[in-house]
Structure formats: structure tokens, C-alpha cells
Amino acid sequence: MTDETKRGENLPEGAHTDFSDSMSYGGYLRLTDLLSAQKPVSDAHDEMLFIVIHQATELWMKLIIHEIRAAMAALEGDAFGPAFKMLSRVARIQTQLIQSWSVLSTMTPADYLTFRDDLGRSSGFQSAQYREIEFLMGNKRRAMLAPFAETPAVHAHLLATLEGPSLYDVALEALKRNGFEVSDEVLRRDRTHPYQADDSVRKAWTSIYQKPDGHWELYELAEKLVDLEDSFQQWRFRHLETVKRIIGHRRGTGGTAGVGYLQHALSYVFFPELWDLRTEL
Ligand code: HEM
Ligand SMILES: N[C@@H](CC(=O)c1ccccc1NC=O)C(=O)O
């Protein structure tokens, strides 16, 4: 036997094997729970891919929410540096999520149809975390709470998010605190509706883009928001293309028209003035 093989038979010098008094990898990460949560409802080979992609996406969405909420708290205290760090992380996660569509697209329409009927009425339309992110970004729609009526805690949390400020509201307050005029109509509006573009906000952002001196932080904040919007749209577009590729124009299991519904969702733009100003500059 070579020395190399002998070494392979032994644990590396000093490696711990007793975890009775201290935390282990699987214990810390709750892997018994996490890895027992993949329960296919059919015998189809590709259902495991389908479950893993969705669960991984939900985990990443959990981190997105954690980061956006913390970034909002930082912005409220004009702590731009920490807020930028967190928003940059959100953008990287979004890149990861956009990339994950390419893994899912290895599943053909025929593969998917082997288990689609087993999915019942379940659909990403009922993703509470997805809806929370849409709300946090400013796409507020009370009607979207309806699928959560049977889970009161989830419903209450989403309702609080619907009624609370969005990331953009916090950014607009930062504009005002930093000397820009933001009309009271915007700041005191009913926040449970989708955000609508406003002239005073467009003027404020436009002047920052024209003369960033003294306002580099707000300028950078604006560009971070544009990054998030851009990535969000890319995710929506890749979802739409994947859906077209896999189920064509069938109705969705969630009950909507499917492609038609998702196409319409693409028309909603977060932070509209940041896009309008590009035409005006
Ligand atoms: C075979 C792959 C997929 C198909 C065919 C598909 C299809 C659809 C359809 C048709 C809808 C419209 C709602 C309805 O069901 O009536 C929808 C919504 C949605 N799906 Fe998927 N989807 C797929 C994969 C995914 C994945 C991997 C995710 C990631 C979590 C996801 C998340 C969502 C979300 C969040 C919505 C709601 C979008 C909104 O309301 O704007 N979907 N999907
Ligand atoms: N709405 C999809 C089903 C679907 O994709 C789905 C089903 C259960 C859990 C998550 C899903 N993902 C996104 O909608 C369909 O109509 O085929």
C-alpha cells in the first residue's frame, strides 16, 4: 500500500468526531429538517429538480427580505454605507436567481407534464415571500393578500408589509431629509396602492444626476435601486420565457391565464422616476 492510500484511510490529524458537548455542522444548519423537506408527490424523476429549485429560491428570497429590511432601517438613519453593502448583496442574489432558470430549463415540456397534474392548485402565485418582496419594492396590491386567508400569521405579516413603507418610500424620505423638495402628496399618500410617479420626485432625482456634487450618496442610492429593478425585470422575463417554453399558453395551476398574466406583470416598473429621468437628462 502506498503512503497516499494509507493517508486516505485516516482522518486528517485533529479532526473532531465527538459533538456531544459542542455544535456540529448538521446540527447548526438543521440539515435533518432541511433535507427531509423534499417530498415528491409523483414518481417523476424531474420533480426533485422542481422542488429543489423552488426551495432554494425561497431560501434566497428569505435573505433578500432580511437584507432589504435592514437596508431600509440603515437608510432611515442616513447610514448610506451599510445600506449600499446590503443592497449590493441583494443584487448578487438576484443574479443567482436569474441564473437558476437555466438549470430549470433542462426540464422539457414532456418531463414537466409527467407530474404537472399532481401539483393541484399550487403555484408560485401563492409565494408569500415573493409577494413580500414585491410589496417592499413598492408594487402594493391588497388583492394579492387573498391567497393567504387560510394562513392568518402569513396574512397578517403581508398586510403589515402592504401598509408599511416600501424601500422607495424610505429613499424618498432620505431625499427630503437631505434638502430636496418632495411633495407632501407623495409622502402622505395611501401606501397600500402601487407607487405612482410624481413630478417633485422626478425633479429631485434629475437634479442629483445633473449635479451630483454634494449628493453622491443619493446618486449611488438611485443607481443601486435601478440595479434592483433591472434584475427584478430580468427574473420576471426569464420566468415568462421558461413558462412559455414548458407549458406554452396553458392556464396556470394558480388559476390565472398563465403567460398573459406574467406578460402583464412585466409592465410594472419600480421606482418610475429613476427611469423617466433618463429621457429628460
Ligand atoms: C415549470 C416551471 C414553471 C412554470 C410552468 C411556472 C408557471 C407559472 C404560471 C403559469 C404562473 C401564473 C400563476 C398561475 O399559476 O396561474 C406563475 C406564477 C409565479 N411563479 Fe411560476 N412557474 C414555474 C417555475 C417557477 C419557479 C422556479 C419559481 C420560483 C420560485 C416560480 C415563481 C412564481 C411566482 C413568484 C409567481 C407569481 C408571479 C406574480 O404574481 O407576478 N415559478 N408561474
Ligand atoms: N403555475 C405552474 C405550476 C408551478 O410552476 C408551480 C407549482 C407549485 C409550486 C410552484 C410552482 N412554480 C411557479 O409557479 C403551472 O401552471 O404549471
# chains A, B, ... in the order shown; residues from 1 in each chain; ligands from 1
>>> residues_near_ligand(ligand="ligand 1", cutoff="6 Å", atoms="only C-alpha atoms and all ligand atoms", output="PyMOL selection string")
chain A and resi 53-54+57+123-125+127+130+243+246-247+252-256+258+262+265
>>> write_last_selection(atoms="N, CA and C atoms", output="PDB file, in the first residue's frame")
ATOM      1  N   ILE A  53     -35.353  23.599  -6.873  1.00  0.00           N
ATOM      2  CA  ILE A  53     -35.273  24.973  -7.412  1.00  0.00           C
ATOM      3  C   ILE A  53     -36.190  25.908  -6.614  1.00  0.00           C
ATOM      4  N   HIS A  54     -37.387  25.448  -6.344  1.00  0.00           N
ATOM      5  CA  HIS A  54     -38.315  26.316  -5.607  1.00  0.00           C
ATOM      6  C   HIS A  54     -37.855  26.542  -4.170  1.00  0.00           C
ATOM      7  N   THR A  57     -34.932  28.864  -4.121  1.00  0.00           N
ATOM      8  CA  THR A  57     -35.399  30.236  -4.388  1.00  0.00           C
ATOM      9  C   THR A  57     -36.026  30.847  -3.132  1.00  0.00           C
ATOM     10  N   SER A 123     -49.077  26.996  -6.839  1.00  0.00           N
ATOM     11  CA  SER A 123     -48.431  27.855  -7.833  1.00  0.00           C
ATOM     12  C   SER A 123     -47.561  28.880  -7.115  1.00  0.00           C
ATOM     13  N   GLY A 124     -46.537  29.355  -7.787  1.00  0.00           N
ATOM     14  CA  GLY A 124     -45.690  30.412  -7.245  1.00  0.00           C
ATOM     15  C   GLY A 124     -46.485  31.674  -6.936  1.00  0.00           C
ATOM     16  N   PHE A 125     -47.647  31.799  -7.534  1.00  0.00           N
ATOM     17  CA  PHE A 125     -48.558  32.901  -7.259  1.00  0.00           C
ATOM     18  C   PHE A 125     -48.864  32.974  -5.757  1.00  0.00           C
ATOM     19  N   SER A 127     -46.682  32.352  -3.387  1.00  0.00           N
ATOM     20  CA  SER A 127     -45.441  32.524  -2.611  1.00  0.00           C
ATOM     21  C   SER A 127     -45.535  33.803  -1.770  1.00  0.00           C
ATOM     22  N   TYR A 130     -42.359  35.972  -2.091  1.00  0.00           N
ATOM     23  CA  TYR A 130     -42.310  36.720  -3.357  1.00  0.00           C
ATOM     24  C   TYR A 130     -43.190  37.968  -3.232  1.00  0.00           C
ATOM     25  N   VAL A 243     -41.769  29.652 -18.725  1.00  0.00           N
ATOM     26  CA  VAL A 243     -43.166  29.200 -18.718  1.00  0.00           C
ATOM     27  C   VAL A 243     -43.633  28.938 -20.156  1.00  0.00           C
ATOM     28  N   ILE A 246     -42.130  25.748 -21.388  1.00  0.00           N
ATOM     29  CA  ILE A 246     -42.535  24.492 -20.727  1.00  0.00           C
ATOM     30  C   ILE A 246     -44.040  24.223 -20.818  1.00  0.00           C
ATOM     31  N   ILE A 247     -44.890  25.235 -20.659  1.00  0.00           N
ATOM     32  CA  ILE A 247     -46.343  24.939 -20.732  1.00  0.00           C
ATOM     33  C   ILE A 247     -47.070  25.708 -21.834  1.00  0.00           C
ATOM     34  N   GLY A 252     -52.599  28.723 -15.825  1.00  0.00           N
ATOM     35  CA  GLY A 252     -51.721  28.354 -14.714  1.00  0.00           C
ATOM     36  C   GLY A 252     -52.448  27.518 -13.669  1.00  0.00           C
ATOM     37  N   THR A 253     -51.686  26.724 -12.923  1.00  0.00           N
ATOM     38  CA  THR A 253     -52.283  25.954 -11.819  1.00  0.00           C
ATOM     39  C   THR A 253     -52.841  26.888 -10.743  1.00  0.00           C
ATOM     40  N   GLY A 254     -52.318  28.121 -10.691  1.00  0.00           N
ATOM     41  CA  GLY A 254     -52.808  29.112  -9.730  1.00  0.00           C
ATOM     42  C   GLY A 254     -54.141  29.709 -10.170  1.00  0.00           C
ATOM     43  N   GLY A 255     -54.565  29.391 -11.388  1.00  0.00           N
ATOM     44  CA  GLY A 255     -55.872  29.838 -11.871  1.00  0.00           C
ATOM     45  C   GLY A 255     -55.826  31.026 -12.815  1.00  0.00           C
ATOM     46  N   THR A 256     -54.655  31.641 -12.997  1.00  0.00           N
ATOM     47  CA  THR A 256     -54.576  32.801 -13.899  1.00  0.00           C
ATOM     48  C   THR A 256     -54.433  32.325 -15.354  1.00  0.00           C
ATOM     49  N   GLY A 258     -51.985  32.488 -17.096  1.00  0.00           N
ATOM     50  CA  GLY A 258     -50.641  31.936 -17.357  1.00  0.00           C
ATOM     51  C   GLY A 258     -49.754  32.981 -18.016  1.00  0.00           C
ATOM     52  N   LEU A 262     -48.415  36.746 -16.689  1.00  0.00           N
ATOM     53  CA  LEU A 262     -46.994  37.035 -16.422  1.00  0.00           C
ATOM     54  C   LEU A 262     -46.474  38.161 -17.330  1.00  0.00           C
ATOM     55  N   ALA A 265     -47.536  41.332 -15.824  1.00  0.00           N
ATOM     56  CA  ALA A 265     -46.737  41.655 -14.618  1.00  0.00           C
ATOM     57  C   ALA A 265     -45.426  42.352 -15.005  1.00  0.00           C
TER      58      ALA A 265
END
>>> residues_around(residues="Ala222 in chain A", least_positions_apart="3", cutoff="9 Å", atoms="only C-alpha atoms", output="ChimeraX atom specification")
/A:171,205,217-219,225-227,271,274
>>> residues_around(residues="Phe135 in chain A", least_positions_apart="5", cutoff="8 Å", atoms="only C-alpha atoms", output="PyMOL selection string")
chain A and resi 140-141+161-162+166
>>> write_last_selection(atoms="C-alpha atoms", output="short mmCIF file (atom, residue, chain, number, x, y, z; two decimals), in the first residue's frame")
data_model
loop_
_atom_site.label_atom_id
_atom_site.label_comp_id
_atom_site.auth_asym_id
_atom_site.auth_seq_id
_atom_site.Cartn_x
_atom_site.Cartn_y
_atom_site.Cartn_z
CA LYS A 140 -48.53 47.08 -3.41
CA ARG A 141 -51.77 45.28 -4.24
CA THR A 161 -45.92 44.97 4.80
CA LEU A 162 -48.66 46.27 2.49
CA SER A 166 -41.53 50.44 0.91
#
>>> residues_around(residues="range 87-98 of chain A", least_positions_apart="2", cutoff="10 Å", atoms="only C-alpha atoms", output="MDAnalysis selection string")
chainID A and resid 53 56:57 60:61 63:68 70:72 82:85 100:102 221 224:225 227:239
>>> write_last_selection(atoms="N, CA and C atoms", output="mmCIF file, in the first residue's frame")
data_model
loop_
_atom_site.group_PDB
_atom_site.id
_atom_site.type_symbol
_atom_site.label_atom_id
_atom_site.label_comp_id
_atom_site.auth_asym_id
_atom_site.auth_seq_id
_atom_site.Cartn_x
_atom_site.Cartn_y
_atom_site.Cartn_z
ATOM 1 N N ILE A 53 -35.353 23.599 -6.873
ATOM 2 C CA ILE A 53 -35.273 24.973 -7.412
ATOM 3 C C ILE A 53 -36.190 25.908 -6.614
ATOM 4 N N ALA A 56 -34.797 26.343 -2.979
ATOM 5 C CA ALA A 56 -33.590 27.179 -2.972
ATOM 6 C C ALA A 56 -33.985 28.641 -3.200
ATOM 7 N N THR A 57 -34.932 28.864 -4.121
ATOM 8 C CA THR A 57 -35.399 30.236 -4.388
ATOM 9 C C THR A 57 -36.026 30.847 -3.132
ATOM 10 N N TRP A 60 -33.250 31.909 -0.811
ATOM 11 C CA TRP A 60 -32.625 33.161 -1.256
ATOM 12 C C TRP A 60 -33.563 34.342 -1.037
ATOM 13 N N MET A 61 -34.875 34.111 -1.236
ATOM 14 C CA MET A 61 -35.828 35.217 -1.009
ATOM 15 C C MET A 61 -35.833 35.611 0.470
ATOM 16 N N LEU A 63 -33.307 35.634 2.408
ATOM 17 C CA LEU A 63 -32.152 36.517 2.607
ATOM 18 C C LEU A 63 -32.394 37.897 1.975
ATOM 19 N N ILE A 64 -33.041 37.917 0.809
ATOM 20 C CA ILE A 64 -33.352 39.212 0.171
ATOM 21 C C ILE A 64 -34.189 40.078 1.123
ATOM 22 N N ILE A 65 -35.206 39.468 1.729
ATOM 23 C CA ILE A 65 -36.086 40.228 2.643
ATOM 24 C C ILE A 65 -35.289 40.737 3.845
ATOM 25 N N HIS A 66 -34.449 39.858 4.392
ATOM 26 C CA HIS A 66 -33.600 40.228 5.538
ATOM 27 C C HIS A 66 -32.719 41.436 5.169
ATOM 28 N N GLU A 67 -32.147 41.411 3.999
ATOM 29 C CA GLU A 67 -31.240 42.489 3.582
ATOM 30 C C GLU A 67 -32.006 43.773 3.261
ATOM 31 N N ILE A 68 -33.143 43.643 2.564
ATOM 32 C CA ILE A 68 -33.898 44.869 2.217
ATOM 33 C C ILE A 68 -34.403 45.557 3.487
ATOM 34 N N ALA A 70 -33.149 45.438 6.481
ATOM 35 C CA ALA A 70 -32.025 46.049 7.199
ATOM 36 C C ALA A 70 -31.525 47.288 6.444
ATOM 37 N N ALA A 71 -31.540 47.229 5.111
ATOM 38 C CA ALA A 71 -31.113 48.390 4.320
ATOM 39 C C ALA A 71 -32.078 49.554 4.570
ATOM 40 N N MET A 72 -33.368 49.250 4.678
ATOM 41 C CA MET A 72 -34.352 50.310 4.958
ATOM 42 C C MET A 72 -34.071 50.959 6.316
ATOM 43 N N PRO A 82 -23.630 51.218 5.044
ATOM 44 C CA PRO A 82 -24.174 49.889 5.333
ATOM 45 C C PRO A 82 -25.355 49.529 4.411
ATOM 46 N N ALA A 83 -26.201 50.520 4.098
ATOM 47 C CA ALA A 83 -27.352 50.245 3.220
ATOM 48 C C ALA A 83 -26.860 49.791 1.843
ATOM 49 N N PHE A 84 -25.832 50.451 1.318
ATOM 50 C CA PHE A 84 -25.315 50.082 -0.013
ATOM 51 C C PHE A 84 -24.752 48.676 -0.005
ATOM 52 N N LYS A 85 -24.080 48.331 1.084
ATOM 53 C CA LYS A 85 -23.483 46.999 1.196
ATOM 54 C C LYS A 85 -24.594 45.939 1.120
ATOM 55 N N SER A 100 -30.577 30.642 -12.093
ATOM 56 C CA SER A 100 -31.165 29.330 -11.786
ATOM 57 C C SER A 100 -32.219 28.915 -12.829
ATOM 58 N N TRP A 101 -32.719 29.868 -13.628
ATOM 59 C CA TRP A 101 -33.665 29.487 -14.690
ATOM 60 C C TRP A 101 -33.010 28.547 -15.700
ATOM 61 N N SER A 102 -31.709 28.708 -15.891
ATOM 62 C CA SER A 102 -31.050 27.852 -16.881
ATOM 63 C C SER A 102 -30.990 26.401 -16.390
ATOM 64 N N LEU A 221 -27.362 55.721 -4.278
ATOM 65 C CA LEU A 221 -28.590 55.030 -3.862
ATOM 66 C C LEU A 221 -29.498 54.819 -5.074
ATOM 67 N N LYS A 224 -28.258 52.052 -7.218
ATOM 68 C CA LYS A 224 -28.485 50.742 -6.575
ATOM 69 C C LYS A 224 -29.933 50.307 -6.787
ATOM 70 N N LEU A 225 -30.856 51.269 -6.675
ATOM 71 C CA LEU A 225 -32.270 50.944 -6.876
ATOM 72 C C LEU A 225 -32.510 50.522 -8.323
ATOM 73 N N ASP A 227 -30.374 49.093 -10.239
ATOM 74 C CA ASP A 227 -29.840 47.724 -10.348
ATOM 75 C C ASP A 227 -30.893 46.694 -9.907
ATOM 76 N N LEU A 228 -31.552 46.967 -8.778
ATOM 77 C CA LEU A 228 -32.537 46.013 -8.264
ATOM 78 C C LEU A 228 -33.704 45.862 -9.239
ATOM 79 N N GLU A 229 -34.172 46.998 -9.739
ATOM 80 C CA GLU A 229 -35.300 46.966 -10.684
ATOM 81 C C GLU A 229 -34.917 46.195 -11.953
ATOM 82 N N ASP A 230 -33.754 46.488 -12.456
ATOM 83 C CA ASP A 230 -33.261 45.849 -13.672
ATOM 84 C C ASP A 230 -33.223 44.317 -13.472
ATOM 85 N N SER A 231 -32.651 43.890 -12.354
ATOM 86 C CA SER A 231 -32.552 42.445 -12.088
ATOM 87 C C SER A 231 -33.926 41.821 -11.884
ATOM 88 N N PHE A 232 -34.805 42.555 -11.217
ATOM 89 C CA PHE A 232 -36.152 42.017 -10.969
ATOM 90 C C PHE A 232 -36.847 41.750 -12.305
ATOM 91 N N GLN A 233 -36.719 42.711 -13.218
ATOM 92 C CA GLN A 233 -37.328 42.538 -14.542
ATOM 93 C C GLN A 233 -36.712 41.359 -15.284
ATOM 94 N N GLN A 234 -35.395 41.206 -15.156
ATOM 95 C CA GLN A 234 -34.749 40.068 -15.826
ATOM 96 C C GLN A 234 -35.281 38.752 -15.274
ATOM 97 N N TRP A 235 -35.494 38.697 -13.950
ATOM 98 C CA TRP A 235 -36.036 37.476 -13.344
ATOM 99 C C TRP A 235 -37.434 37.200 -13.900
ATOM 100 N N ARG A 236 -38.263 38.268 -13.912
ATOM 101 C CA ARG A 236 -39.632 38.100 -14.425
ATOM 102 C C ARG A 236 -39.610 37.622 -15.875
ATOM 103 N N PHE A 237 -38.704 38.197 -16.669
ATOM 104 C CA PHE A 237 -38.640 37.844 -18.086
ATOM 105 C C PHE A 237 -38.199 36.390 -18.277
ATOM 106 N N ARG A 238 -37.211 35.959 -17.506
ATOM 107 C CA ARG A 238 -36.731 34.572 -17.615
ATOM 108 C C ARG A 238 -37.823 33.597 -17.160
ATOM 109 N N HIS A 239 -38.599 33.990 -16.145
ATOM 110 C CA HIS A 239 -39.722 33.171 -15.696
ATOM 111 C C HIS A 239 -40.724 33.019 -16.842
#
>>> closest_residue(among="A:Gln196, A:Thr32, A:Thr17, A:Ser122", to="ligand 2", atoms="only C-alpha atoms and all ligand atoms")
A:Ser122
>>> closest_residue(among="A:Val154, A:Val182, A:Met23, A:Leu240", to="ligand 2", atoms="only C-alpha atoms and all ligand atoms")
A:Leu240
>>> residues_around(residues="Ile208 in chain A", least_positions_apart="4", cutoff="10 Å", atoms="only C-alpha atoms", output="MDAnalysis selection string")
chainID A and resid 175 180 202:204 212:220 222
>>> atom_distance(atom1="CA of Leu49 in chain A", atom2="atom 3 (C, counted along the ligand's line) of ligand 2")
13.3 Å
>>> closest_residue(among="A:Phe270, A:Phe148, A:Trp275, A:Phe50", to="ligand 2", atoms="only C-alpha atoms and all ligand atoms")
A:Phe50
>>> select_by_dssp(residues="range 21-142 of chain A", states="helix (DSSP H, G or I)", output="NGL selection string")
:A and (25-28 or 31-34 or 47-76 or 80-104 or 109-119 or 124-126 or 128-137 or 142)
>>> write_last_selection(atoms="C-alpha atoms", output="PDB file, in the first residue's frame")
ATOM      1  CA  TYR A  25     -22.268  21.115  11.029  1.00  0.00           C
ATOM      2  CA  GLY A  26     -25.572  19.276  10.554  1.00  0.00           C
ATOM      3  CA  GLY A  27     -26.851  20.380  13.952  1.00  0.00           C
ATOM      4  CA  TYR A  28     -26.092  24.057  13.349  1.00  0.00           C
ATOM      5  CA  LEU A  31     -29.888  19.636   7.981  1.00  0.00           C
ATOM      6  CA  THR A  32     -32.133  16.830   9.215  1.00  0.00           C
ATOM      7  CA  ASP A  33     -35.097  19.235   8.868  1.00  0.00           C
ATOM      8  CA  LEU A  34     -33.860  20.938   5.728  1.00  0.00           C
ATOM      9  CA  GLU A  47     -39.937  16.517  -9.717  1.00  0.00           C
ATOM     10  CA  MET A  48     -36.868  16.591  -7.420  1.00  0.00           C
ATOM     11  CA  LEU A  49     -35.339  19.333  -9.609  1.00  0.00           C
ATOM     12  CA  PHE A  50     -38.627  21.236  -9.454  1.00  0.00           C
ATOM     13  CA  ILE A  51     -38.801  21.047  -5.652  1.00  0.00           C
ATOM     14  CA  VAL A  52     -35.139  21.929  -5.102  1.00  0.00           C
ATOM     15  CA  ILE A  53     -35.273  24.973  -7.412  1.00  0.00           C
ATOM     16  CA  HIS A  54     -38.315  26.316  -5.607  1.00  0.00           C
ATOM     17  CA  GLN A  55     -36.975  25.660  -2.130  1.00  0.00           C
ATOM     18  CA  ALA A  56     -33.590  27.179  -2.972  1.00  0.00           C
ATOM     19  CA  THR A  57     -35.399  30.236  -4.388  1.00  0.00           C
ATOM     20  CA  GLU A  58     -37.451  30.578  -1.190  1.00  0.00           C
ATOM     21  CA  LEU A  59     -34.230  30.451   0.870  1.00  0.00           C
ATOM     22  CA  TRP A  60     -32.625  33.161  -1.256  1.00  0.00           C
ATOM     23  CA  MET A  61     -35.828  35.217  -1.009  1.00  0.00           C
ATOM     24  CA  LYS A  62     -35.583  34.914   2.770  1.00  0.00           C
ATOM     25  CA  LEU A  63     -32.152  36.517   2.607  1.00  0.00           C
ATOM     26  CA  ILE A  64     -33.352  39.212   0.171  1.00  0.00           C
ATOM     27  CA  ILE A  65     -36.086  40.228   2.643  1.00  0.00           C
ATOM     28  CA  HIS A  66     -33.600  40.228   5.538  1.00  0.00           C
ATOM     29  CA  GLU A  67     -31.240  42.489   3.582  1.00  0.00           C
ATOM     30  CA  ILE A  68     -33.898  44.869   2.217  1.00  0.00           C
ATOM     31  CA  ARG A  69     -35.427  45.378   5.658  1.00  0.00           C
ATOM     32  CA  ALA A  70     -32.025  46.049   7.199  1.00  0.00           C
ATOM     33  CA  ALA A  71     -31.113  48.390   4.320  1.00  0.00           C
ATOM     34  CA  MET A  72     -34.352  50.310   4.958  1.00  0.00           C
ATOM     35  CA  ALA A  73     -33.501  50.665   8.657  1.00  0.00           C
ATOM     36  CA  ALA A  74     -29.995  51.883   7.742  1.00  0.00           C
ATOM     37  CA  LEU A  75     -31.355  54.426   5.234  1.00  0.00           C
ATOM     38  CA  GLU A  76     -33.753  55.776   7.841  1.00  0.00           C
ATOM     39  CA  PHE A  80     -25.750  55.010   3.411  1.00  0.00           C
ATOM     40  CA  GLY A  81     -22.603  52.871   3.540  1.00  0.00           C
ATOM     41  CA  PRO A  82     -24.174  49.889   5.333  1.00  0.00           C
ATOM     42  CA  ALA A  83     -27.352  50.245   3.220  1.00  0.00           C
ATOM     43  CA  PHE A  84     -25.315  50.082  -0.013  1.00  0.00           C
ATOM     44  CA  LYS A  85     -23.483  46.999   1.196  1.00  0.00           C
ATOM     45  CA  MET A  86     -26.794  45.231   1.823  1.00  0.00           C
ATOM     46  CA  LEU A  87     -28.384  46.356  -1.444  1.00  0.00           C
ATOM     47  CA  SER A  88     -25.322  45.145  -3.355  1.00  0.00           C
ATOM     48  CA  ARG A  89     -25.811  41.745  -1.743  1.00  0.00           C
ATOM     49  CA  VAL A  90     -29.455  41.727  -2.849  1.00  0.00           C
ATOM     50  CA  ALA A  91     -28.318  42.398  -6.427  1.00  0.00           C
ATOM     51  CA  ARG A  92     -25.882  39.451  -6.291  1.00  0.00           C
ATOM     52  CA  ILE A  93     -28.635  37.158  -5.000  1.00  0.00           C
ATOM     53  CA  GLN A  94     -30.845  38.307  -7.849  1.00  0.00           C
ATOM     54  CA  THR A  95     -28.099  37.355 -10.312  1.00  0.00           C
ATOM     55  CA  GLN A  96     -28.038  33.900  -8.722  1.00  0.00           C
ATOM     56  CA  LEU A  97     -31.825  33.582  -9.059  1.00  0.00           C
ATOM     57  CA  ILE A  98     -31.797  34.709 -12.699  1.00  0.00           C
ATOM     58  CA  GLN A  99     -29.113  32.097 -13.375  1.00  0.00           C
ATOM     59  CA  SER A 100     -31.165  29.330 -11.786  1.00  0.00           C
ATOM     60  CA  TRP A 101     -33.665  29.487 -14.690  1.00  0.00           C
ATOM     61  CA  SER A 102     -31.050  27.852 -16.881  1.00  0.00           C
ATOM     62  CA  VAL A 103     -30.968  24.816 -14.567  1.00  0.00           C
ATOM     63  CA  LEU A 104     -34.756  24.529 -14.700  1.00  0.00           C
ATOM     64  CA  PRO A 109     -42.393  20.155 -21.555  1.00  0.00           C
ATOM     65  CA  ALA A 110     -42.887  16.373 -21.722  1.00  0.00           C
ATOM     66  CA  ASP A 111     -40.868  15.897 -18.492  1.00  0.00           C
ATOM     67  CA  TYR A 112     -42.954  18.543 -16.697  1.00  0.00           C
ATOM     68  CA  LEU A 113     -46.287  17.181 -17.895  1.00  0.00           C
ATOM     69  CA  THR A 114     -45.484  13.843 -16.227  1.00  0.00           C
ATOM     70  CA  PHE A 115     -46.133  15.458 -12.835  1.00  0.00           C
ATOM     71  CA  ARG A 116     -47.933  18.773 -13.504  1.00  0.00           C
ATOM     72  CA  ASP A 117     -51.368  17.296 -12.749  1.00  0.00           C
ATOM     73  CA  ASP A 118     -50.101  16.232  -9.326  1.00  0.00           C
ATOM     74  CA  LEU A 119     -49.414  19.868  -8.375  1.00  0.00           C
ATOM     75  CA  GLY A 124     -45.690  30.412  -7.245  1.00  0.00           C
ATOM     76  CA  PHE A 125     -48.558  32.901  -7.259  1.00  0.00           C
ATOM     77  CA  GLN A 126     -49.049  31.764  -3.644  1.00  0.00           C
ATOM     78  CA  ALA A 128     -45.755  34.787   0.437  1.00  0.00           C
ATOM     79  CA  GLN A 129     -42.091  35.781   0.327  1.00  0.00           C
ATOM     80  CA  TYR A 130     -42.310  36.720  -3.357  1.00  0.00           C
ATOM     81  CA  ARG A 131     -45.325  38.913  -2.575  1.00  0.00           C
ATOM     82  CA  GLU A 132     -43.498  40.443   0.387  1.00  0.00           C
ATOM     83  CA  ILE A 133     -40.592  41.416  -1.873  1.00  0.00           C
ATOM     84  CA  GLU A 134     -42.967  42.956  -4.456  1.00  0.00           C
ATOM     85  CA  PHE A 135     -44.590  44.953  -1.632  1.00  0.00           C
ATOM     86  CA  LEU A 136     -41.241  46.003  -0.149  1.00  0.00           C
ATOM     87  CA  MET A 137     -40.173  47.246  -3.585  1.00  0.00           C
ATOM     88  CA  ARG A 142     -54.230  44.452  -1.483  1.00  0.00           C
TER      89      ARG A 142
END
>>> closest_residue(among="A:Ser20, A:Glu173, A:Gln38, A:Val259", to="ligand 2", atoms="only C-alpha atoms and all ligand atoms")
A:Val259
>>> closest_residue(among="A:His264, A:Arg250, A:His45, A:His193", to="Gly164 in chain A", atoms="only C-alpha atoms")
A:His193
>>> atom_distance(atom1="CA of Ser207 in chain A", atom2="CA of Gly179 in chain A")
11.9 Å
>>> atom_distance(atom1="atom 2 (C, counted along the ligand's line) of ligand 2", atom2="CA of Thr106 in chain A")
16.2 Å
>>> closest_residue(among="A:Ala160, A:Val41, A:Leu145, A:Leu281", to="ligand 2", atoms="only C-alpha atoms and all ligand atoms")
A:Val41
